[in-house]
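Shown next, in structure tokens, is the structure this report addresses.
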Amino acid sequence: MPDKVLIYSRFPKAMMVRIGQRFELMDAAGKPPSEVFTAEQLSGVRAMITAGGTPLGGAVMDKMPSLGAIVCYGTGYDGVDLAAAAQRKIAVGHSPGANASSVADIAVTLMLAVTRRLLPADDYVRSGSWSQAKPSPMMRPQPGMRGRRVGVYGMGEIGRKIASHVAAFETEVGYFSRSKLDVPYQYRPSLEALAEWCSVLMIAVRAGADTDHVVDAKILQKLGKDGYLVNISRGSVIDQQALVAALADESIAGAGLDVFENEPHAPDALTAFSNVVLTPHIGGHTLESHVAMQNCVMANLEACFAGKPLPYEVRDT
């Protein structure tokens with residue numbers, strides 16, 4: 001009999017096909033497991049799969065007394081109460097770096113789209129304004145990437161990929177992280193210093209209590225009227241009200257956002273700005289990334305059922 005695995009978050013069925021070929025999946029489809037399965041069914045669950053951003057606390061864990069592993073599909077794990085899991089001796093796994101390259105790709109895409117005003121340019125062509133030679137202030141020349149200062153906040157797997165990607169555009173790359181690292185980029189001693197130094201601020205830091213709304217009005221003011229903000233981490237890192245206010249009074253030049261505070265709902269205020277590019281949290285949504293993430297998920301599950309340490313266990317240091 002295949003080992004049973006609870007699917008806690010709502011996932012497209014296609015993402016679970018490979019995993020379902022090895023394990024018997026109990027899909028709660030995003031509902032509380034106790035509403036879908038009986039207490040007897042849940043009592044035998046030894047492993048579960050969740051999306052890292054889905055809230056998962058001790059009360060849910062207690063419904064599964066045999067639970068030995070919570071496996072996050074993806075890099076993030078901010079929704080999981082790590083302290084509650086540790087108290088219950090439940091290992092937490094994820095897929096570190098599995099989607100880093102793809103997320104870096106979308107970060108660069110957003111950067112180019114917003115700095116080169118690709119959405120207004122696309123509309124300028126489609127509307128017929130270009131063929132009619134209509135003047136447009138949005139079509140004025142903008143600074144290119146060569147020599148531009150790009151700041152990366154967070155120098156984990158994704159941050160490093162972003163830095164290497166943008167360096168290929170002949171930019172100056174600086175970063176701020178919890179510690180100075182052995183990387184070929186300029187270290188800035190604080191987020192404030194990084195924002196003041198750069199003209200594009202890339203957010204690639206993990207979500208958590210220490211980063212909640214850390215990009216606030218003060219940081220945006222330091223970024224300045226010629227500065228752009230790009231976020232591919234978690235929406236909670238940015239104070240969205242402060243961002244909307246900064247865009248409205250032109251305190252910053254624009255933003256590229258793949259993540260939002262209350263997904264899948266982007267604030268209507270953000271959709272009104274032509275200097276903001278919005279994507280629906282698709283940073284890691286490539287075929288290659290999903291294969292890599294599924295490989296990590298299955299390796300973690302295999303280890304759990306074999307009574308071994310998870311090969312991709314969360315190290316929240």
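FYI, nothing fancy with the structure tokens labels: chains A, B, ... in order, residues from 1 per chain, ligands from 1 as they appear.
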Which polymer residues have any atom within 12 Å of an atom of A:Val259, counting only C-alpha atoms, with same-chain residues fewer than 5 positions away left out, as a ChimeraX atom specification? /A:53,103,106-107,110,203-204,207,230-238,240,264-267,277-284
Got time to write the residues from that selection, N, CA and C atoms, as an mmCIF file, in the first residue's frame?
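This went into result14.cif:
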data_model
loop_
_atom_site.group_PDB
_atom_site.id
_atom_site.type_symbol
_atom_site.label_atom_id
_atom_site.label_comp_id
_atom_site.auth_asym_id
_atom_site.auth_seq_id
_atom_site.Cartn_x
_atom_site.Cartn_y
_atom_site.Cartn_z
ATOM 1 N N GLY A 53 3.213 29.630 2.121
ATOM 2 C CA GLY A 53 2.553 30.819 2.642
ATOM 3 C C GLY A 53 1.213 30.552 3.299
ATOM 4 N N VAL A 103 12.583 32.556 -10.496
ATOM 5 C CA VAL A 103 12.145 33.743 -9.772
ATOM 6 C C VAL A 103 13.035 34.937 -10.134
ATOM 7 N N ILE A 106 11.891 36.422 -13.419
ATOM 8 C CA ILE A 106 10.728 37.309 -13.375
ATOM 9 C C ILE A 106 11.090 38.632 -12.710
ATOM 10 N N ALA A 107 12.035 38.604 -11.780
ATOM 11 C CA ALA A 107 12.490 39.854 -11.155
ATOM 12 C C ALA A 107 13.113 40.775 -12.196
ATOM 13 N N LEU A 110 10.381 42.100 -14.571
ATOM 14 C CA LEU A 110 9.639 43.208 -13.968
ATOM 15 C C LEU A 110 10.479 44.484 -13.965
ATOM 16 N N ILE A 203 13.485 43.183 -3.849
ATOM 17 C CA ILE A 203 13.167 42.552 -2.570
ATOM 18 C C ILE A 203 13.218 41.043 -2.742
ATOM 19 N N ALA A 204 14.186 40.395 -2.079
ATOM 20 C CA ALA A 204 14.359 38.948 -2.196
ATOM 21 C C ALA A 204 14.588 38.319 -0.826
ATOM 22 N N ALA A 207 9.956 36.157 4.191
ATOM 23 C CA ALA A 207 8.924 36.764 5.016
ATOM 24 C C ALA A 207 9.057 36.273 6.448
ATOM 25 N N VAL A 230 11.011 46.508 -6.892
ATOM 26 C CA VAL A 230 10.608 45.223 -7.462
ATOM 27 C C VAL A 230 10.514 44.215 -6.326
ATOM 28 N N ASN A 231 9.355 43.541 -6.219
ATOM 29 C CA ASN A 231 9.173 42.559 -5.147
ATOM 30 C C ASN A 231 8.755 41.207 -5.712
ATOM 31 N N ILE A 232 9.597 40.185 -5.437
ATOM 32 C CA ILE A 232 9.283 38.815 -5.850
ATOM 33 C C ILE A 232 9.326 37.873 -4.642
ATOM 34 N N SER A 233 9.321 38.435 -3.418
ATOM 35 C CA SER A 233 9.443 37.594 -2.217
ATOM 36 C C SER A 233 8.065 37.282 -1.634
ATOM 37 N N ARG A 234 7.583 38.105 -0.743
ATOM 38 C CA ARG A 234 6.248 38.005 -0.175
ATOM 39 C C ARG A 234 5.670 39.404 -0.050
ATOM 40 N N GLY A 235 4.360 39.528 -0.232
ATOM 41 C CA GLY A 235 3.715 40.829 -0.163
ATOM 42 C C GLY A 235 3.828 41.485 1.197
ATOM 43 N N SER A 236 3.952 40.675 2.257
ATOM 44 C CA SER A 236 3.998 41.213 3.613
ATOM 45 C C SER A 236 5.233 42.068 3.878
ATOM 46 N N VAL A 237 6.272 41.921 3.056
ATOM 47 C CA VAL A 237 7.508 42.667 3.282
ATOM 48 C C VAL A 237 7.313 44.166 3.026
ATOM 49 N N ILE A 238 6.350 44.496 2.178
ATOM 50 C CA ILE A 238 6.103 45.900 1.814
ATOM 51 C C ILE A 238 4.830 46.408 2.475
ATOM 52 N N GLN A 240 1.927 48.107 1.808
ATOM 53 C CA GLN A 240 1.266 48.444 0.543
ATOM 54 C C GLN A 240 0.613 49.822 0.565
ATOM 55 N N PRO A 264 -5.328 36.193 -3.752
ATOM 56 C CA PRO A 264 -5.003 36.727 -5.080
ATOM 57 C C PRO A 264 -5.570 38.115 -5.370
ATOM 58 N N HIS A 265 -5.700 38.942 -4.359
ATOM 59 C CA HIS A 265 -6.305 40.259 -4.548
ATOM 60 C C HIS A 265 -5.247 41.353 -4.490
ATOM 61 N N ALA A 266 -4.962 41.934 -5.643
ATOM 62 C CA ALA A 266 -4.083 43.102 -5.682
ATOM 63 C C ALA A 266 -4.943 44.338 -5.429
ATOM 64 N N PRO A 267 -4.488 45.275 -4.603
ATOM 65 C CA PRO A 267 -5.292 46.468 -4.330
ATOM 66 C C PRO A 267 -5.650 47.202 -5.620
ATOM 67 N N VAL A 277 3.887 47.456 -12.830
ATOM 68 C CA VAL A 277 3.689 46.214 -13.557
ATOM 69 C C VAL A 277 3.340 45.125 -12.539
ATOM 70 N N LEU A 278 2.239 44.424 -12.781
ATOM 71 C CA LEU A 278 1.723 43.436 -11.841
ATOM 72 C C LEU A 278 1.673 42.056 -12.479
ATOM 73 N N THR A 279 2.159 41.044 -11.766
ATOM 74 C CA THR A 279 2.049 39.661 -12.228
ATOM 75 C C THR A 279 1.508 38.806 -11.080
ATOM 76 N N PRO A 280 0.800 37.703 -11.390
ATOM 77 C CA PRO A 280 0.079 36.935 -10.365
ATOM 78 C C PRO A 280 0.913 35.857 -9.674
ATOM 79 N N HIS A 281 1.975 36.256 -8.991
ATOM 80 C CA HIS A 281 2.832 35.340 -8.232
ATOM 81 C C HIS A 281 3.283 34.162 -9.105
ATOM 82 N N ILE A 282 3.906 34.496 -10.234
ATOM 83 C CA ILE A 282 4.329 33.471 -11.197
ATOM 84 C C ILE A 282 5.844 33.301 -11.238
ATOM 85 N N GLY A 283 6.545 33.883 -10.258
ATOM 86 C CA GLY A 283 8.008 33.842 -10.288
ATOM 87 C C GLY A 283 8.578 32.453 -10.467
ATOM 88 N N GLY A 284 8.097 31.496 -9.703
ATOM 89 C CA GLY A 284 8.619 30.128 -9.785
ATOM 90 C C GLY A 284 7.794 29.218 -10.652
#
Which of stretch 159-299 of chain A DSSP labels strand (DSSP E or B), written as a VMD selection string: chain A and resid 172 to 176 186 to 187 200 to 203 215 228 to 231 238 254 to 257 262 265 276 to 278
Pick out each residue of stretch 113-258 of chain A that DSSP on the backbone tags as alpha helix (DSSP H); I need them as a ChimeraX atom specification. /A:113-115,118-126,157-167,191-197,217-223,240-248
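Proximity to A:Trp197 was assessed for A:Val314, A:Leu301, A:Val152, A:Leu247 counting only C-alpha atoms; the smallest distance is recorded for A:Val152.
Residue nearest A:Leu181, chosen from A:Val125, A:Met139, A:Ile219, A:Met155 and counting only C-alpha atoms: A:Met155.
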Top pick for closest residue to A:Ala113, considering A:Gly307, A:Gly44, A:Gly144, A:Pro65 and counting only C-alpha atoms: A:Gly144
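Distance annotation: of A:Glu35, A:Asp226, A:Asp81, A:Asp105, the residue with the minimal separation from A:Lys161 is A:Asp105; atom set is only C-alpha atoms.
Nearest residue to A:Val71, choosing from A:Lys308, A:Arg46, A:Lys225, A:His290 and counting only C-alpha atoms: A:Arg46.
Minimum atom-to-atom distance to A:Arg117, evaluated using only C-alpha atoms, belongs to A:Ala253 out of A:Ala253, A:Phe260, A:Phe37, A:Asp239.
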Nearby residues (only C-alpha atoms) at most 8 Å from A:Met111, same-chain spacing under 5 positions excluded, as a list in words: Val200, Tyr228, Val230 and Gly256 of chain A
Which polymer residues have any atom within 6 Å of an atom of stretch 73-80 of chain A, counting only C-alpha atoms, with same-chain residues fewer than 2 positions away left out, as a ChimeraX atom specification? /A:51-56,82,94-96,207,293
Residues of the last selection are to be written out with all heavy atoms, as a short mmCIF file (atom, residue, chain, number, x, y, z; two decimals), in the first residue's frame.
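selection-v9.cif, written as the output of this step:
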data_model
loop_
_atom_site.label_atom_id
_atom_site.label_comp_id
_atom_site.auth_asym_id
_atom_site.auth_seq_id
_atom_site.Cartn_x
_atom_site.Cartn_y
_atom_site.Cartn_z
N ALA A 51 1.52 24.65 0.83
CA ALA A 51 2.18 25.81 0.23
C ALA A 51 2.77 26.62 1.36
O ALA A 51 2.12 26.82 2.40
CB ALA A 51 1.18 26.64 -0.57
N GLY A 52 3.99 27.08 1.20
CA GLY A 52 4.71 27.72 2.29
C GLY A 52 4.01 28.92 2.91
O GLY A 52 4.17 29.19 4.09
N GLY A 53 3.21 29.63 2.12
CA GLY A 53 2.55 30.82 2.64
C GLY A 53 1.21 30.55 3.30
O GLY A 53 0.63 31.46 3.90
N THR A 54 0.70 29.33 3.22
CA THR A 54 -0.59 29.00 3.82
C THR A 54 -0.45 28.88 5.34
O THR A 54 0.40 28.12 5.82
CB THR A 54 -1.13 27.66 3.27
OG1 THR A 54 -1.23 27.74 1.85
CG2 THR A 54 -2.49 27.35 3.86
N PRO A 55 -1.25 29.62 6.11
CA PRO A 55 -1.14 29.53 7.57
C PRO A 55 -1.36 28.10 8.06
O PRO A 55 -2.33 27.44 7.69
CB PRO A 55 -2.26 30.46 8.07
CG PRO A 55 -2.45 31.44 6.95
CD PRO A 55 -2.24 30.64 5.69
N LEU A 56 -0.45 27.63 8.89
CA LEU A 56 -0.51 26.27 9.41
C LEU A 56 0.01 26.28 10.83
O LEU A 56 1.22 26.35 11.07
CB LEU A 56 0.31 25.32 8.53
CG LEU A 56 0.45 23.86 8.96
CD1 LEU A 56 -0.91 23.23 9.19
CD2 LEU A 56 1.21 23.06 7.90
N LEU A 82 6.78 27.29 12.99
CA LEU A 82 7.94 26.42 13.21
C LEU A 82 8.10 26.03 14.67
O LEU A 82 8.51 24.91 14.98
CB LEU A 82 9.20 27.13 12.72
CG LEU A 82 9.27 27.43 11.21
CD1 LEU A 82 10.58 28.14 10.88
CD2 LEU A 82 9.14 26.17 10.38
N HIS A 94 11.35 21.92 2.84
CA HIS A 94 10.98 22.81 1.73
C HIS A 94 11.84 22.47 0.53
O HIS A 94 12.45 21.40 0.48
CB HIS A 94 11.10 24.28 2.15
CG HIS A 94 12.49 24.73 2.47
ND1 HIS A 94 12.96 26.00 2.21
CD2 HIS A 94 13.55 24.09 3.05
CE1 HIS A 94 14.21 26.12 2.62
NE2 HIS A 94 14.60 24.97 3.11
N SER A 95 11.87 23.37 -0.45
CA SER A 95 12.60 23.13 -1.70
C SER A 95 13.58 24.27 -1.93
O SER A 95 13.37 25.11 -2.82
CB SER A 95 11.63 23.02 -2.88
OG SER A 95 10.59 22.11 -2.62
N PRO A 96 14.64 24.35 -1.14
CA PRO A 96 15.54 25.50 -1.22
C PRO A 96 16.24 25.62 -2.56
O PRO A 96 16.86 24.68 -3.04
CB PRO A 96 16.55 25.21 -0.10
CG PRO A 96 16.53 23.72 0.06
CD PRO A 96 15.11 23.32 -0.20
N ALA A 207 9.96 36.16 4.19
CA ALA A 207 8.92 36.76 5.02
C ALA A 207 9.06 36.27 6.45
O ALA A 207 9.48 35.15 6.70
CB ALA A 207 7.55 36.41 4.47
N MET A 293 11.04 21.39 -7.72
CA MET A 293 10.35 21.46 -6.44
C MET A 293 9.71 20.11 -6.09
O MET A 293 9.76 19.67 -4.94
CB MET A 293 9.29 22.57 -6.47
CG MET A 293 9.89 23.97 -6.44
SD MET A 293 8.67 25.31 -6.29
CE MET A 293 7.98 25.35 -7.95
#
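Using only C-alpha atoms, the protein and nucleic acid residues lying no more than 9 Å from A:Ile158, apart from those fewer than 6 places from it along its own chain, are Gly97, Asn99, Ala100, Ser101, Ser102, Val103, Ala104, Ala204 and Val205 of chain A.
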Just the residues within 12 Å of A:Met61, please, counting only C-alpha atoms, with nothing from its chain fewer than 3 positions along; format it as a PyMOL selection string. chain A and resi 6+8+32-34+42-43+45-48+55-58+64-70+80-92
Save out the residues we just selected, N, CA, C and O atoms, as a short mmCIF file (atom, residue, chain, number, x, y, z; two decimals), in the first residue's frame.
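The result, written out as again23.cif:
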data_model
loop_
_atom_site.label_atom_id
_atom_site.label_comp_id
_atom_site.auth_asym_id
_atom_site.auth_seq_id
_atom_site.Cartn_x
_atom_site.Cartn_y
_atom_site.Cartn_z
N LEU A 6 -1.24 13.86 3.26
CA LEU A 6 -2.31 14.84 3.22
C LEU A 6 -1.88 16.06 2.41
O LEU A 6 -0.78 16.59 2.60
N TYR A 8 -2.58 19.74 2.09
CA TYR A 8 -3.23 20.74 2.94
C TYR A 8 -3.71 21.96 2.16
O TYR A 8 -4.84 22.42 2.34
N PRO A 32 -10.17 23.01 5.84
CA PRO A 32 -9.64 22.40 7.07
C PRO A 32 -9.74 20.87 6.96
O PRO A 32 -10.82 20.35 6.64
N PRO A 33 -8.66 20.15 7.18
CA PRO A 33 -8.68 18.69 7.01
C PRO A 33 -9.78 17.99 7.79
O PRO A 33 -10.36 17.00 7.32
N SER A 34 -10.12 18.52 8.98
CA SER A 34 -11.15 17.89 9.81
C SER A 34 -12.54 18.01 9.20
O SER A 34 -13.45 17.29 9.62
N LEU A 42 -7.39 10.97 9.80
CA LEU A 42 -6.30 11.91 10.09
C LEU A 42 -5.31 11.34 11.10
O LEU A 42 -4.14 11.72 11.09
N SER A 43 -5.75 10.43 11.93
CA SER A 43 -4.87 9.90 12.97
C SER A 43 -3.68 9.15 12.40
O SER A 43 -2.64 9.04 13.04
N VAL A 45 -2.14 9.94 9.49
CA VAL A 45 -1.35 10.76 8.58
C VAL A 45 0.03 11.04 9.17
O VAL A 45 0.15 11.59 10.26
N ARG A 46 1.06 10.67 8.43
CA ARG A 46 2.43 10.87 8.91
C ARG A 46 3.15 12.02 8.20
O ARG A 46 4.18 12.50 8.67
N ALA A 47 2.61 12.46 7.05
CA ALA A 47 3.25 13.54 6.29
C ALA A 47 2.20 14.35 5.56
O ALA A 47 1.15 13.82 5.16
N MET A 48 2.49 15.62 5.37
CA MET A 48 1.57 16.49 4.64
C MET A 48 2.36 17.44 3.75
O MET A 48 3.52 17.75 4.00
N PRO A 55 -1.25 29.62 6.11
CA PRO A 55 -1.14 29.53 7.57
C PRO A 55 -1.36 28.10 8.06
O PRO A 55 -2.33 27.44 7.69
N LEU A 56 -0.45 27.63 8.89
CA LEU A 56 -0.51 26.27 9.41
C LEU A 56 0.01 26.28 10.83
O LEU A 56 1.22 26.35 11.07
N GLY A 57 -0.92 26.24 11.79
CA GLY A 57 -0.54 26.34 13.19
C GLY A 57 -0.68 25.03 13.95
O GLY A 57 -1.03 23.98 13.39
N GLY A 58 -0.41 25.11 15.23
CA GLY A 58 -0.41 23.92 16.08
C GLY A 58 -1.75 23.24 16.17
O GLY A 58 -1.82 22.01 16.29
N MET A 64 -3.56 15.66 13.67
CA MET A 64 -2.83 14.53 13.09
C MET A 64 -1.75 14.07 14.07
O MET A 64 -0.59 14.45 13.94
N PRO A 65 -2.11 13.29 15.06
CA PRO A 65 -1.16 12.91 16.11
C PRO A 65 0.04 12.11 15.64
O PRO A 65 1.05 12.05 16.34
N SER A 66 -0.04 11.51 14.45
CA SER A 66 1.09 10.73 13.92
C SER A 66 1.97 11.54 12.98
O SER A 66 2.94 11.01 12.42
N LEU A 67 1.65 12.83 12.82
CA LEU A 67 2.36 13.65 11.84
C LEU A 67 3.84 13.77 12.18
O LEU A 67 4.20 14.13 13.30
N GLY A 68 4.66 13.45 11.20
CA GLY A 68 6.11 13.52 11.40
C GLY A 68 6.79 14.54 10.52
O GLY A 68 7.93 14.94 10.80
N ALA A 69 6.12 14.97 9.44
CA ALA A 69 6.77 15.91 8.52
C ALA A 69 5.75 16.81 7.83
O ALA A 69 4.70 16.34 7.37
N ILE A 70 6.06 18.08 7.79
CA ILE A 70 5.33 19.07 7.00
C ILE A 70 6.25 19.46 5.86
O ILE A 70 7.34 19.99 6.09
N VAL A 80 4.08 28.36 8.11
CA VAL A 80 4.17 27.26 9.07
C VAL A 80 4.68 27.78 10.41
O VAL A 80 5.69 28.49 10.48
N ASP A 81 3.98 27.43 11.48
CA ASP A 81 4.42 27.78 12.83
C ASP A 81 5.56 26.83 13.19
O ASP A 81 5.33 25.70 13.64
N LEU A 82 6.78 27.29 12.99
CA LEU A 82 7.94 26.42 13.21
C LEU A 82 8.10 26.03 14.67
O LEU A 82 8.51 24.91 14.98
N ALA A 83 7.77 26.95 15.57
CA ALA A 83 7.88 26.64 16.99
C ALA A 83 6.90 25.54 17.38
O ALA A 83 7.26 24.61 18.13
N ALA A 84 5.67 25.63 16.87
CA ALA A 84 4.67 24.61 17.17
C ALA A 84 5.10 23.26 16.61
O ALA A 84 4.91 22.21 17.25
N ALA A 85 5.68 23.28 15.40
CA ALA A 85 6.15 22.02 14.81
C ALA A 85 7.28 21.43 15.63
O ALA A 85 7.31 20.22 15.89
N ALA A 86 8.20 22.26 16.08
CA ALA A 86 9.33 21.78 16.87
C ALA A 86 8.86 21.18 18.20
O ALA A 86 9.37 20.14 18.64
N GLN A 87 7.87 21.82 18.82
CA GLN A 87 7.33 21.32 20.08
C GLN A 87 6.73 19.93 19.91
O GLN A 87 6.77 19.12 20.83
N ARG A 88 6.21 19.65 18.74
CA ARG A 88 5.56 18.37 18.46
C ARG A 88 6.50 17.40 17.75
O ARG A 88 6.07 16.35 17.29
N LYS A 89 7.76 17.80 17.65
CA LYS A 89 8.79 16.98 17.00
C LYS A 89 8.40 16.64 15.55
O LYS A 89 8.57 15.52 15.07
N ILE A 90 7.86 17.64 14.87
CA ILE A 90 7.49 17.51 13.46
C ILE A 90 8.54 18.22 12.62
O ILE A 90 8.80 19.42 12.82
N ALA A 91 9.16 17.51 11.72
CA ALA A 91 10.16 18.12 10.83
C ALA A 91 9.45 18.94 9.76
O ALA A 91 8.36 18.58 9.30
N VAL A 92 10.07 20.04 9.36
CA VAL A 92 9.53 20.90 8.30
C VAL A 92 10.53 20.93 7.15
O VAL A 92 11.71 21.25 7.35
#
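The space separating atom CA of A:Ala245 from atom CA of A:Ala217 comes to 8.4 Å.
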